Every structure is written in C-alpha cells, then in structure tokens.
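J.: Dropping in run.txt, with compact mmCIF, C-alpha atoms and all ligand atoms.
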```txt
# COMPACT_ATOMS: atom_id res chain seq x y z
CA MET A 1 -25.41 17.45 20.96
CA GLU A 2 -23.40 17.65 24.16
CA LEU A 3 -19.69 17.58 23.42
CA ASP A 4 -17.34 16.19 26.05
CA LEU A 5 -13.75 16.85 25.06
CA SER A 6 -12.35 16.72 28.61
CA GLY A 7 -10.93 13.26 28.02
CA PHE A 8 -9.12 14.55 24.94
CA ASN A 9 -6.41 15.96 27.19
CA THR A 10 -5.33 12.53 28.40
CA ARG A 11 -1.65 11.92 27.67
CA ILE A 12 -1.20 8.66 25.78
CA SER A 13 2.21 8.80 24.26
CA ASP A 14 4.95 11.23 23.36
CA ASP A 15 3.22 11.92 20.07
CA MET A 16 -0.24 13.33 20.71
CA HIS A 17 -1.39 14.92 23.97
CA THR A 18 -4.15 17.37 23.14
CA TRP A 19 -6.75 17.97 20.43
CA GLU A 20 -4.58 20.85 19.10
CA GLU A 21 -1.66 18.45 18.58
CA VAL A 22 -3.90 15.82 17.02
CA SER A 23 -5.38 18.42 14.71
CA LEU A 24 -1.92 19.71 13.69
CA LEU A 25 -0.65 16.20 12.92
CA TYR A 26 -3.70 15.09 10.93
CA ASN A 27 -3.79 18.40 9.00
CA SER A 28 -0.09 17.98 8.20
CA ALA A 29 -0.66 14.39 7.04
CA LEU A 30 -3.46 15.60 4.76
CA LYS A 31 -1.23 18.31 3.25
CA GLN A 32 1.47 15.73 2.55
CA ILE A 33 -0.80 13.14 0.97
CA THR A 34 -2.59 15.80 -1.10
CA THR A 35 0.76 17.04 -2.47
CA LYS A 36 1.90 13.49 -3.20
CA ILE A 37 -1.30 12.76 -5.13
CA GLU A 38 -1.09 16.04 -7.07
CA ILE A 39 2.51 15.22 -8.06
CA LEU A 40 1.50 11.71 -9.19
CA ASN A 41 -1.34 13.21 -11.24
CA GLU A 42 0.95 15.78 -12.89
CA GLU A 43 3.58 13.11 -13.65
CA PHE A 44 0.88 10.89 -15.16
CA GLN A 45 -0.31 13.80 -17.31
CA GLU A 46 3.28 14.40 -18.47
CA VAL A 47 3.95 10.74 -19.36
CA HIS A 48 0.55 9.58 -20.63
CA ARG A 49 -1.03 12.90 -21.71
CA TYR A 50 -3.99 12.10 -19.50
CA ASN A 51 -5.22 13.14 -16.02
CA PRO A 52 -6.59 10.21 -14.01
CA ILE A 53 -7.84 12.55 -11.25
CA GLU A 54 -10.80 14.89 -11.69
CA HIS A 55 -10.53 16.46 -8.23
CA ILE A 56 -9.50 15.88 -4.63
CA LYS A 57 -11.29 16.77 -1.39
CA ALA A 58 -9.59 16.63 2.00
CA ARG A 59 -10.97 17.18 5.49
CA VAL A 60 -10.20 16.60 9.16
CA LYS A 61 -13.21 15.04 10.88
CA SER A 62 -14.91 17.39 13.33
CA PRO A 63 -14.51 16.64 17.06
CA GLU A 64 -18.33 16.20 17.23
CA SER A 65 -18.24 13.46 14.56
CA ILE A 66 -15.27 11.76 16.24
CA VAL A 67 -17.05 11.69 19.61
CA LYS A 68 -20.20 10.37 17.90
CA LYS A 69 -18.23 7.58 16.19
CA LEU A 70 -16.44 6.62 19.42
CA LYS A 71 -19.76 6.53 21.29
CA ARG A 72 -21.39 4.47 18.53
CA ASN A 73 -18.60 1.91 18.84
CA GLY A 74 -18.72 1.90 22.66
CA TYR A 75 -15.49 3.81 23.36
CA GLU A 76 -14.86 6.71 25.75
CA SER A 77 -13.90 10.07 24.24
CA THR A 78 -10.17 10.06 24.89
CA ILE A 79 -7.23 10.99 22.68
CA GLU A 80 -5.96 7.43 22.97
CA ASN A 81 -9.25 5.98 21.70
CA MET A 82 -9.65 8.44 18.86
CA VAL A 83 -6.13 7.83 17.56
CA ARG A 84 -6.46 4.07 17.95
CA TYR A 85 -10.04 3.43 16.83
CA VAL A 86 -11.05 6.24 14.46
CA ASN A 87 -9.35 5.57 11.15
CA ASP A 88 -10.83 8.49 9.25
CA ILE A 89 -9.88 11.52 11.39
CA ALA A 90 -7.93 12.61 8.32
CA GLY A 91 -9.80 11.78 5.14
CA ILE A 92 -9.11 12.40 1.50
CA ARG A 93 -11.48 11.67 -1.37
CA ILE A 94 -10.11 11.24 -4.87
CA ILE A 95 -12.61 11.54 -7.70
CA CYS A 96 -11.71 10.15 -11.12
CA SER A 97 -13.42 9.43 -14.43
CA PHE A 98 -13.11 5.69 -14.87
CA THR A 99 -13.06 2.61 -12.62
CA SER A 100 -9.67 1.64 -14.10
CA ASP A 101 -8.27 4.98 -12.83
CA ILE A 102 -9.23 3.98 -9.28
CA TYR A 103 -6.97 0.92 -9.28
CA ARG A 104 -4.22 2.83 -11.08
CA ILE A 105 -4.26 5.56 -8.43
CA ALA A 106 -4.43 3.02 -5.56
CA GLU A 107 -1.36 1.27 -6.97
CA MET A 108 0.58 4.51 -7.39
CA ILE A 109 -0.17 5.42 -3.76
CA SER A 110 0.78 1.95 -2.47
CA ASN A 111 4.09 2.14 -4.34
CA GLN A 112 5.23 5.23 -2.41
CA LYS A 113 8.09 4.07 -0.19
CA ASP A 114 7.10 6.05 2.91
CA ILE A 115 3.44 5.02 2.78
CA GLN A 116 2.28 1.94 4.60
CA VAL A 117 -1.08 0.49 3.53
CA LEU A 118 -2.81 -0.72 6.70
CA LEU A 119 -6.17 -1.77 5.28
CA VAL A 120 -8.00 -1.94 1.95
CA LYS A 121 -11.78 -2.18 1.56
CA ASP A 122 -12.85 -2.69 -2.04
CA TYR A 123 -16.52 -1.73 -2.14
CA ILE A 124 -16.39 -1.82 -5.95
CA MET A 125 -15.73 -5.55 -6.11
CA ASN A 126 -17.94 -5.99 -3.01
CA PRO A 127 -20.54 -3.19 -2.87
CA LYS A 128 -22.24 -2.48 0.47
CA ASP A 129 -25.87 -3.58 0.99
CA SER A 130 -26.88 0.07 0.50
CA GLY A 131 -25.40 -0.10 -3.02
CA TYR A 132 -22.40 2.03 -1.97
CA ARG A 133 -19.36 1.63 -4.21
CA SER A 134 -15.93 3.12 -3.59
CA TYR A 135 -12.35 1.98 -2.94
CA HIS A 136 -11.09 2.65 0.59
CA MET A 137 -7.52 2.55 1.86
CA ILE A 138 -6.28 3.24 5.36
CA ILE A 139 -2.67 4.30 5.09
CA SER A 140 -0.05 5.52 7.50
CA LEU A 141 2.53 8.14 6.55
CA PRO A 142 5.31 9.87 8.49
CA VAL A 143 4.87 13.50 9.51
CA TYR A 144 8.20 15.22 10.17
CA LEU A 145 8.14 17.58 13.14
CA SER A 146 11.11 19.60 14.47
CA ASP A 147 12.09 16.96 17.01
CA ARG A 148 10.38 13.74 15.97
CA ILE A 149 8.62 11.76 13.27
CA VAL A 150 5.02 10.68 13.88
CA ASN A 151 3.20 8.08 11.79
CA VAL A 152 -0.32 9.33 11.07
CA LYS A 153 -3.30 7.40 9.66
CA VAL A 154 -5.28 8.73 6.70
CA GLU A 155 -8.38 7.27 5.08
CA ILE A 156 -8.33 7.51 1.29
CA GLN A 157 -11.60 7.04 -0.60
CA ILE A 158 -11.25 6.67 -4.37
CA ARG A 159 -14.34 6.69 -6.57
CA THR A 160 -15.64 7.75 -9.97
CA VAL A 161 -17.66 10.93 -10.56
CA ALA A 162 -20.79 8.76 -10.91
CA MET A 163 -20.11 6.85 -7.67
CA ASP A 164 -19.53 10.18 -5.92
CA PHE A 165 -22.80 11.60 -7.25
CA TRP A 166 -24.67 8.58 -5.87
CA ALA A 167 -22.85 8.61 -2.49
CA SER A 168 -23.47 12.34 -1.95
CA LEU A 169 -27.21 12.01 -2.52
CA GLU A 170 -27.47 8.81 -0.48
CA HIS A 171 -25.55 10.46 2.39
CA LYS A 172 -27.95 13.45 2.33
CA ILE A 173 -30.99 11.14 2.32
CA GLN A 174 -29.70 8.97 5.17
CA TYR A 175 -28.86 12.12 7.16
CA LYS A 176 -32.35 13.54 6.60
CA PHE A 177 -34.06 10.28 7.68
CA GLU A 178 -31.44 9.52 10.37
CA GLY A 179 -30.60 6.24 8.65
CA LYS A 180 -34.24 5.10 8.49
CA ALA A 181 -35.30 6.13 4.98
CA PRO A 182 -38.62 4.73 3.70
CA HIS A 183 -38.39 1.38 1.94
CA HIS A 184 -39.22 2.77 -1.54
CA ILE A 185 -36.43 5.38 -1.24
CA ASN A 186 -33.87 2.71 -0.32
CA TYR A 187 -35.17 0.63 -3.21
CA GLU A 188 -34.76 3.57 -5.62
CA LEU A 189 -31.24 4.22 -4.30
CA HIS A 190 -30.37 0.58 -4.91
CA GLU A 191 -31.71 0.79 -8.46
CA CYS A 192 -29.71 3.99 -9.05
CA ALA A 193 -26.56 2.28 -7.70
CA ALA A 194 -27.01 -0.47 -10.30
CA MET A 195 -27.45 2.19 -13.02
CA VAL A 196 -24.28 3.95 -11.83
CA ALA A 197 -22.33 0.66 -11.99
CA SER A 198 -23.63 0.00 -15.49
CA LEU A 199 -22.89 3.59 -16.60
CA ASP A 200 -19.32 3.32 -15.25
CA ALA A 201 -18.80 0.04 -17.12
CA ARG A 202 -20.12 1.47 -20.43
CA MET A 203 -18.12 4.70 -20.14
CA LEU A 204 -14.97 2.67 -19.45
CA GLN A 205 -15.61 0.46 -22.47
CA LEU A 206 -16.23 3.51 -24.65
CA ASN A 207 -13.03 5.16 -23.46
CA GLU A 208 -11.01 2.00 -24.12
CA GLU A 209 -12.41 1.81 -27.65
CA ILE A 210 -11.43 5.44 -28.28
CA LEU A 211 -7.92 4.77 -26.93
CA SER A 212 -7.44 1.74 -29.15
CA ILE A 213 -8.60 3.69 -32.25
CA GLU A 214 -6.13 6.47 -31.35
CA ALA A 215 -3.35 3.88 -30.86
CA GLU A 216 -3.99 2.41 -34.33
CA LYS A 217 -3.61 5.81 -36.01
P1 LIG B 301 -18.51 10.56 7.05
O1 LIG B 301 -19.51 11.59 7.51
O2 LIG B 301 -18.43 10.45 5.56
O3 LIG B 301 -17.16 10.73 7.68
P2 LIG B 301 -14.68 2.86 10.06
O4 LIG B 301 -14.68 4.25 9.46
O5 LIG B 301 -13.66 1.95 9.40
O6 LIG B 301 -14.59 2.86 11.53
P3 LIG B 301 -16.68 1.53 8.59
O7 LIG B 301 -18.13 1.89 8.43
O8 LIG B 301 -16.36 0.08 8.69
O9 LIG B 301 -16.12 2.31 9.81
O10 LIG B 301 -15.82 2.12 7.42
P4 LIG B 301 -16.14 2.14 5.91
O11 LIG B 301 -17.15 1.12 5.55
O12 LIG B 301 -14.82 2.06 5.24
O13 LIG B 301 -16.85 3.56 5.72
C1 LIG B 301 -16.24 4.74 6.09
C2 LIG B 301 -16.76 5.91 5.26
O14 LIG B 301 -17.16 5.47 3.96
C3 LIG B 301 -17.99 6.57 5.83
O15 LIG B 301 -17.58 7.49 6.81
C4 LIG B 301 -18.58 7.22 4.59
O16 LIG B 301 -17.86 8.39 4.24
C5 LIG B 301 -18.32 6.19 3.54
N1 LIG B 301 -19.43 5.23 3.44
C6 LIG B 301 -19.44 3.95 3.87
N2 LIG B 301 -20.61 3.36 3.59
C7 LIG B 301 -21.38 4.28 2.98
C8 LIG B 301 -22.71 4.26 2.42
O17 LIG B 301 -23.44 3.25 2.47
N3 LIG B 301 -23.15 5.42 1.85
C9 LIG B 301 -22.39 6.55 1.79
N4 LIG B 301 -22.91 7.64 1.21
N5 LIG B 301 -21.13 6.60 2.31
C10 LIG B 301 -20.62 5.49 2.89
P5 LIG B 301 -18.53 7.88 8.01
O18 LIG B 301 -17.70 8.11 9.22
O19 LIG B 301 -19.64 6.88 8.18
O20 LIG B 301 -19.18 9.20 7.57
```
Would you encode the structure as structure tokens?
Ligand code: 0O2
T.:
Amino acid sequence: MELDLSGFNTRISDDMHTWEEVSLLYNSALKQITTKIEILNEEFQEVHRYNPIEHIKARVKSPESIVKKLKRNGYESTIENMVRYVNDIAGIRIICSFTSDIYRIAEMISNQKDIQVLLVKDYIMNPKDSGYRSYHMIISLPVYLSDRIVNVKVEIQIRTVAMDFWASLEHKIQYKFEGKAPHHINYELHECAAMVASLDARMLQLNEEILSIEAEK
C-alpha cells in the first residue's frame, strides 16, 4: 500500500507537529496508563487477595493503519486529522477473567482524578452485529513534558479471556477474507459468540458461588 506521510508534517498546534512528536506523546500516554493499571491491579490484589487482570497489551497504531482509517472515513492524512479523528492511535487492551471484573476495572480507571472519560461503548450490553463483545473507553490523560502538559487520547478495550479468544480469531478471519467471509463462517462465528457469552455467564456464576462458600467459612 502506498503510504503518504507528507501531510503529517503540517503544524496544527503547539502540541504535535510531526509524526515523531505524535509517536512520543502517544507512547508516553501508553506507559502512564499501563503503570496506573498495574498499580490498581496490585492494590486490588493487596486488599482483596485477588487479581482482576490477567494481562495487558499496549500498542501504538502503525502509520499505515492510521492512514487507512483516515482514508476509510474520508479524511486527508494530516497530523491534525489523525489527532482529531483517530481515537485509537494509542490502544491498550485489558484481559480479565470475569465480566464483573470488566466493570470493576472501568470504574477504577474512571475514578482516577487526572483521567477524563471522553466516550464509552459497551459492546457487552450491546454486542455488535458480528457478535463482538468488549467494553471500550476513550480517555484523555495528561502527559507531562519538560515545558508543557499535553492531553492525549487513549482507547482502552476491556474484555474477558473468552471474549478475547473470539475477537482474535474473528479478526484473523475478517483479515483473511478482507471483511467478506462466507456466510457459513459468519454464522459459525455468531454461534461461537453466543457460546462465549454463555460460558462467561456460567463461569461468573460459578466463581460467585465459590466466593460465597468461602465467605461463609
Ligand atoms: P485494530 O486493527 O484492532 O486497530 P473508531 O475506532 O471509534 O473510529 P469504531 O469502529 O466506531 O471506530 O470503533 P469501535 O467500534 O469502538 O472499534 C474499535 C476497535 O474495536 C477496532 O479497531 C477493533 O480493535 C475492535 N473491534 C470493533 N469491532 C470489532 C469486531 O467486530 N471484531 C473484532 N475482532 N474487533 C472489533 P480497528 O481500528 O477496527 O482495528
């Protein structure tokens, strides 16, 4: 794919002028949010003797993917457009065991004083037509540079291990078929999504039963 990054050198504000600056800021935002989440997880372990988070993955979207997304949405490839219209340049995925952990983690993140929640998409309460389930938050957090503070957007996806298993396979399939998978494959994926939802519900119930037995002891 042809990559046109010439427009990425357009000056838009005092905050981000070039791809290098954008990359530095989004990488810094990811480091900060990852540390915050690790601290919350350790504190939770200390207080409740339980880790809500299985693992965390963080990435800065590649320039190729950003250009593709801008093009898909009808925008020119400029720094201004990428900062304004691409919400997931910095993305973090939090994988946990149970659906209840997802809401617990989302609340802990929202309660951080320097984090502003810009948007929430709850694809667990309202799954996508594909069957996709996950909890998405777009947040903004301050990155402290030597001479200024810049608010940077980060997309946080929170999902269970089972939801992540489904989403990884579905992503691979859609990539292979360029979004036009045969009908029976989409049907199977939909069926699997229902099984994942049911598995998550049963595992949660089982865990709650175990916790209440432990509490009675
Ligand atoms: P990638 O390669 O994962 O980065 P927006 O991002 O807000 O401009 P949209 O589609 O409204 O666009 O956002 P949404 O619905 O919150 O989805 C953003 C991301 O969620 C996607 O990023 C995927 O990572 C994931 N996602 C959303 N829907 C699906 C789905 O049906 N299947 C799978 N496997 N993942 C999904 P990108 O940029 O599309 O891709």
J.: Which protein, DNA or RNA residues are at most 8 Å from (-13.4, 6.4, -12.4) in the file's coordinates when you count all atoms listed in the file, listed as a ChimeraX atom specification?
T.: /A:52,95-102,159-162,200
J.: Select, from A:Lys69, A:Arg84, A:His183, A:Lys176, the residue with the minimum atom-to-atom distance to ligand LIG 301 (chain B), counting only C-alpha atoms and all ligand atoms.
T.: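 Closest residue, counting only C-alpha atoms and all ligand atoms: A:Lys69.
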J.: Which of these, A:Glu155, A:Glu64, A:Glu21, A:Glu38, has the shortest distance to Ile79 of chain A once you count only C-alpha atoms?
T.: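 Between A:Glu155, A:Glu64, A:Glu21, A:Glu38, the residue approaching Ile79 of chain A most closely is A:Glu21.
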J.: Name the closest residue to Ile115 of chain A among the candidates A:Gln32, A:Asn27, A:Asn73, A:Gln205; distances are taken between atoms, counting only C-alpha atoms.
T.: A:Gln32
J.: Can you list, as a PyMOL selection string, every protein, DNA or RNA residue that comes within 7 Å of Ile138 of chain A when you count all atoms listed in the file, leaving out same-chain residues fewer than 3 positions away?
T.: chain A and resi 87+117-120+153-156
J.: So that I can check the surroundings of Ala58 of chain A, please list as a PyMOL selection string every protein, DNA and RNA residue that reaches within 8 Å of it, counting only C-alpha atoms and ignoring chain neighbours fewer than 4 positions away.
T.: chain A and resi 30+34+90-93
J.: So how far away is atom N3 of ligand LIG 301 (chain B) from atom CA of Glu170 of chain A, in Å?
T.: 6.0 Å
J.: Which is closer to ligand LIG 301 (chain B) than all the others in A:His190, A:Lys128, A:Lys180, A:Arg49, using all atoms listed in the file?
T.: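 The closest residue to ligand LIG 301 (chain B) is A:Lys128.
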J.: Could you jot down the atom CA of Ser110 of chain A to atom CA of Arg59 of chain A separation for me, Å, one decimal place?
T.: 20.8 Å
J.: Looking at A:Gln112, A:Thr18, A:Ser77, A:Asn186, which one is nearest to ligand LIG 301 (chain B), with distances taken over only C-alpha atoms and all ligand atoms?
T.: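 Nearest to ligand LIG 301 (chain B): A:Asn186.
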J.: Hey, can you check how far atom CA of Lys68 of chain A sits from atom CA of Ser140 of chain A?
T.: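 Answer for the atom CA of Lys68 of chain A to atom CA of Ser140 of chain A separation: 23.2 Å.
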J.: Counting only C-alpha atoms and all ligand atoms, figure out which residue out of A:His17, A:Leu169, A:Asn126, A:Ser23 gets nearest to ligand LIG 301 (chain B).
T.: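 Comparing A:His17, A:Leu169, A:Asn126, A:Ser23 against ligand LIG 301 (chain B), the winner is A:Leu169.
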J.: Around (8.5, 10.4, 8.0) in the file's own coordinates, what residues are found within 12 Å if you use only C-alpha atoms, given back as a PyMOL selection string?
T.: chain A and resi 25+28-29+32-33+113-116+140-152
J.: I'd like the neighbourhood of Leu189 of chain A as a VMD selection string, where a residue qualifies if any of its atoms comes within 12 Å (using only C-alpha atoms), though same-chain residues fewer than 4 positions away should be ignored.
T.: chain A and resid 129 to 132 163 165 to 174 181 to 185 193 to 196
